[in-house]
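Take a look at the structure set out below.
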There are 2 protein chains.
Amino acid sequence: MLSEKCYELGSKSSIIREIFAFGQMRKAQVGPDQVYDFSLGNPSIPAPPSVKQAVMELMDTPAEEVHAYTAASGDLQVRRTVAESLNRRFSEEFTEEGIFMTCGAAASLNISIRALANEGDEFIVFAPFFPEYRCWVEGAGAILKVSRPEACGFQIDFQNLEQLLSPKTKAVIVNSPNNPSGVVYSEETIRRLAGMLEKKSKEYGSPIYLITDEPYREIVYDGIQVPFVTRYYRNTMVCYSYSKSLSLPGERIGYIAVPGRVQDYKRLMAAIGGAARMLGFVCAPSLFQQVVGRCVEETGDINAYKRNRDLLYEGLTRLGYTCVKPQGAFYLFVQSLEEDAYAFCQRAKNYDLLLVPSDDFGCPGYVRIAYCVAEKTIVGAMPAFEKLAKEYKQGQLC
Amino acid sequence: MLSEKCYELGSKSSIIREIFAFGQMRKAQVGPDQVYDFSLGNPSIPAPPSVKQAVMELMDTPAEEVHAYTAASGDLQVRRTVAESLNRRFSEEFTEEGIFMTCGAAASLNISIRALANEGDEFIVFAPFFPEYRCWVEGAGAILKVSRPEACGFQIDFQNLEQLLSPKTKAVIVNSPNNPSGVVYSEETIRRLAGMLEKKSKEYGSPIYLITDEPYREIVYDGIQVPFVTRYYRNTMVCYSYSKSLSLPGERIGYIAVPGRVQDYKRLMAAIGGAARMLGFVCAPSLFQQVVGRCVEETGDINAYKRNRDLLYEGLTRLGYTCVKPQGAFYLFVQSLEEDAYAFCQRAKNYDLLLVPSDDFGCPGYVRIAYCVAEKTIVGAMPAFEKLAKEYKQGQLC
């Protein structure tokens, strides 16, 4: 009698959240230092000091201004600042009109999907992919198609993608640096993707939009460059969040950026506004709009994540675990030691190792290890990882 | 090719927002003191000092905690605080399980509607009603039915309501104190409503939920008591926002409160979580969850609104305008001086008086005057209201 779709979504709630909740309980039981919680992408490094400074300064301005409604698309000056920063960094030509401030990446993506989707449209995602994509695409009455990854390295399998593209394809969603694999799409991958989408758009006589989900854009290592996708493909919508770069996941602040040359630009911006209204987003939180306006090119101390990645990657491969070395984000995507990653995660729990099975990411047989944690968690977890691997090696499993 | 529904919603954007944007432009042209902008429900009084104090204190705690994700339903301690405050003030028995923190009233309402609605369900609202109700109900695939108000005073016309109730009725939405009429439903109205919904729920063999939209709960005058609806009707969902009471409209912070005795309670809370997920709400903004937890029984200086109400009500009735004296909220709902309220508002614009026509509120022939403005705006506007009335009296209109 209640909404069946919503009840189903709410009752089988996110596996990630479930494991996180279990971790909270275990920490209360055995002490926080005894639980190795790698479940959640909650940044472990603090927001940079400029965030606190911005908040303090803003709280000295009149309260009825700083906490007021902004335009639905966001404060004009903040949007201008975001546009100028993107233009400076990526040689782009965004204007404030093409920037729509949002309540974080989930809002950016869901608004973008809704703005495009009519009943029965298809959206293609690449495995492994963030599980909420499914819920947003299906919530819009559209169909999610999953493209499998290249056998080695999680770049795009273009043969598989080509099979999935059809006149019903409304958009393709990419997430690079990737959650959960940590892989960054190379320039070559982006060029090939752009070429294929252009060709198919022409063939079908209607644009295929490219939605780029890039909250991890700044979180990359070893001097890697993340190609800025609008420069390679015309009909691109950029979905951003400051959750990871500024370590503000709870504050729900991000944006959608649409270049003026996108087909149907004015209509698309109107549809974005309409989608936000329909979803119940009035405006992005006003104080943090101003904060990100003041900290627009800042990040937290990303070196901490690099140290964690190296420690974890080297430690686990030494123990015999297999995974691609991540170039960005803060996840390690490790092959499960048995076919059923759920069973593997259950077994890991016996050592208070909290890992996320990859099944909901559309790529069974792996676990996601979020290494946005304290260094001592990684160091402390190594003996547990060792015991877990040993269990499998000794074939003690029934 | 884009989402037609979203494009339509976005392109004919909210009349209120449109008038507000016009006002911003006029203020830039002729100076802010020369424009009498009564368009937007943006609180004019500042947040109470305790809000600033709470923010400052919280910014002294570790950033990686205060800005972190909370549970989807909100921080446990904040939810407990909200529940305890409601219990203390309204002799209720909420628990933290029944409190779901949201990104403001729009989120509270849209999540509640989505949690209940299946395709073709009916939701009844009472004219005059907040225009976004239509967009949320229809966005959920449900049907909006509008019950007309009592001829005098905007209480419920029960005969009309009874005609609209049917086995398809999933919920009834009330908003008291009301935007835009300022009317507060009397205890008698709430009792009769509860009685009728109980009777019909029994008759149909399925519960009719009562959704109460009450961001103006604390904004009442002359010692009026707002009946707390859960005490009169079992299947009630309370949708609250701190936008008005704490003057934090831009911060997007509110909650849904569901009493444990509601039918299908556990399933309903799961559906609420699922609806929030589907809409793209991850958690309510974390800093302001903590802020409202610390300011849970505070309000801004509501006396300022009372002074505005008295000034405006007395001034306008003296000039011959007709309206019900509002007992709460910060709107005056005034009869248009010609049948077409749009035309009346256009004419008012000639005097830089920015009023909102009532058509989108489902109650043509009125204008909404938001008096959450500086006192001098009301004083300054009186000569303009006088000239406008004179135009009509002198029959100079073609």
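Ordering of the structure tokens sets the chain letters (A, B, ...); residue numbers start at 1 within each chain; ligands are numbered from 1 in the order shown.
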- Task: With a distance cut-off of 12 Å and only C-alpha atoms, select the neighbouring residues of Phe38 (chain B), excluding the residue or stretch itself and same-chain residues fewer than 2 positions from it, and output the selection as a ChimeraX atom specification.
- Result: /B:16-17,19-20,22-24,35-36,40-44,308,312,330-333,345,348-349,352-357,367-375,377-378,381
- Selection: 7 Å around region 174-186 of chain A, only C-alpha atoms, excl. self and same-chain fewer than 3 positions, as a ChimeraX atom specification: /A:125-126,128-130,154-155,189-190,211-214,216-217,226,326-333,368
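In this model, the gap between CA of Met382 (chain A) and CA of Asp310 (chain A) comes to 13.2 Å.
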- Message: Could you go through region 138-297 of chain A and tell me which residues DSSP, when run on the backbone, assigns to strand (DSSP E), listing them as a PyMOL selection string?
- Response: chain A and resi 143-147+169-174+209-213+236-241+254-257
Export, as a compact mmCIF listing (two decimals), in the first residue's frame, the selected residues with N, CA and C atoms.
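result36.txt, written as the output of this step:
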# COMPACT_ATOMS: atom_id res chain seq x y z
N ILE A 143 16.17 2.90 -18.32
CA ILE A 143 16.75 1.54 -18.21
C ILE A 143 18.27 1.65 -18.10
N LEU A 144 18.83 0.92 -17.13
CA LEU A 144 20.28 0.92 -16.95
C LEU A 144 20.89 -0.24 -17.72
N LYS A 145 21.87 0.07 -18.56
CA LYS A 145 22.62 -0.97 -19.27
C LYS A 145 24.05 -0.94 -18.75
N VAL A 146 24.59 -2.11 -18.45
CA VAL A 146 25.91 -2.17 -17.85
C VAL A 146 26.93 -2.69 -18.86
N SER A 147 27.93 -1.88 -19.15
CA SER A 147 29.00 -2.30 -20.05
C SER A 147 30.12 -2.92 -19.23
N THR A 169 19.70 4.99 -26.56
CA THR A 169 20.69 5.46 -25.59
C THR A 169 20.58 6.97 -25.40
N LYS A 170 20.20 7.40 -24.23
CA LYS A 170 20.10 8.83 -23.96
C LYS A 170 21.42 9.37 -23.44
N ALA A 171 22.11 8.59 -22.65
CA ALA A 171 23.38 9.08 -22.09
C ALA A 171 24.26 7.92 -21.66
N VAL A 172 25.53 8.24 -21.54
CA VAL A 172 26.54 7.32 -21.02
C VAL A 172 27.12 8.00 -19.79
N ILE A 173 27.28 7.24 -18.70
CA ILE A 173 27.81 7.83 -17.47
C ILE A 173 29.22 7.29 -17.22
N VAL A 174 30.19 8.18 -17.11
CA VAL A 174 31.55 7.75 -16.75
C VAL A 174 31.94 8.33 -15.41
N TYR A 209 24.19 12.01 -24.69
CA TYR A 209 24.91 12.85 -23.73
C TYR A 209 25.91 12.01 -22.95
N LEU A 210 26.95 12.70 -22.51
CA LEU A 210 27.98 12.04 -21.69
C LEU A 210 27.94 12.72 -20.32
N ILE A 211 27.56 11.96 -19.31
CA ILE A 211 27.51 12.49 -17.94
C ILE A 211 28.79 12.04 -17.24
N THR A 212 29.58 12.99 -16.78
CA THR A 212 30.81 12.61 -16.08
C THR A 212 30.65 12.88 -14.59
N ASP A 213 30.79 11.82 -13.83
CA ASP A 213 30.66 11.88 -12.36
C ASP A 213 32.08 11.98 -11.82
N THR A 236 28.58 17.06 -23.18
CA THR A 236 29.00 16.55 -21.88
C THR A 236 28.37 17.36 -20.75
N MET A 237 27.92 16.68 -19.72
CA MET A 237 27.45 17.34 -18.49
C MET A 237 28.38 16.90 -17.36
N VAL A 238 29.01 17.86 -16.70
CA VAL A 238 29.97 17.55 -15.64
C VAL A 238 29.25 17.57 -14.29
N CYS A 239 29.30 16.46 -13.57
CA CYS A 239 28.69 16.40 -12.23
C CYS A 239 29.81 16.37 -11.19
N TYR A 240 29.83 17.39 -10.35
CA TYR A 240 30.92 17.52 -9.39
C TYR A 240 30.37 17.61 -7.98
N SER A 241 31.22 17.26 -7.02
CA SER A 241 30.89 17.42 -5.61
C SER A 241 32.17 17.81 -4.88
N GLY A 254 27.86 20.69 -4.31
CA GLY A 254 28.49 20.35 -5.58
C GLY A 254 27.86 21.18 -6.69
N TYR A 255 28.07 20.76 -7.93
CA TYR A 255 27.46 21.50 -9.04
C TYR A 255 27.35 20.62 -10.28
N ILE A 256 26.53 21.08 -11.21
CA ILE A 256 26.51 20.56 -12.58
C ILE A 256 27.08 21.67 -13.46
N ALA A 257 28.00 21.32 -14.35
CA ALA A 257 28.55 22.31 -15.27
C ALA A 257 28.26 21.87 -16.71
- Message: Excluding Leu165 (chain A) and its own-chain neighbours fewer than 2 positions away, which residues fall within 10 Å of it when counting only C-alpha atoms? Please give them as a list in words.
- Response: Glu122, Phe123, Ile124, Lys145, Ser147, Asn160, Leu161, Glu162, Gln163, Pro167, Lys168, Thr169, Lys170, Ala171, Val172, Met196, Leu197, Lys200, Ser201 and Ile208 of chain A
- Item | Contacts of region 263-266 of chain A within 8 Å, only C-alpha atoms, excl. fewer than 6 positions in-chain, as a list of chain:residue names |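 Residues meeting the cut-off are A:Pro207, A:Arg234, A:Asn235.
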- Message: Restricting the calculation to only C-alpha atoms: of B:Pro227, B:Gly31, B:Gly205, B:Gly273, which residue gets closest to chain A?
- Response: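 Checking each of B:Pro227, B:Gly31, B:Gly205, B:Gly273 against chain A, counting only C-alpha atoms, the winner is B:Gly273.
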- Query: Looking at B:Ser73, B:Ser245, B:Ser286, B:Ser166, which one is nearest to chain A, with distances taken over only C-alpha atoms?
  - Reply: B:Ser286
- Query: Please, what distance in Å, to one decimal, runs between CA of Phe288 (chain A) and CA of Ile253 (chain A)?
  - Reply: 6.7 Å
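Distance check against Pro383 (chain A) using only C-alpha atoms: of A:Ala127, A:Ser3, A:Thr70, A:Gln34, the minimum falls on A:Gln34.
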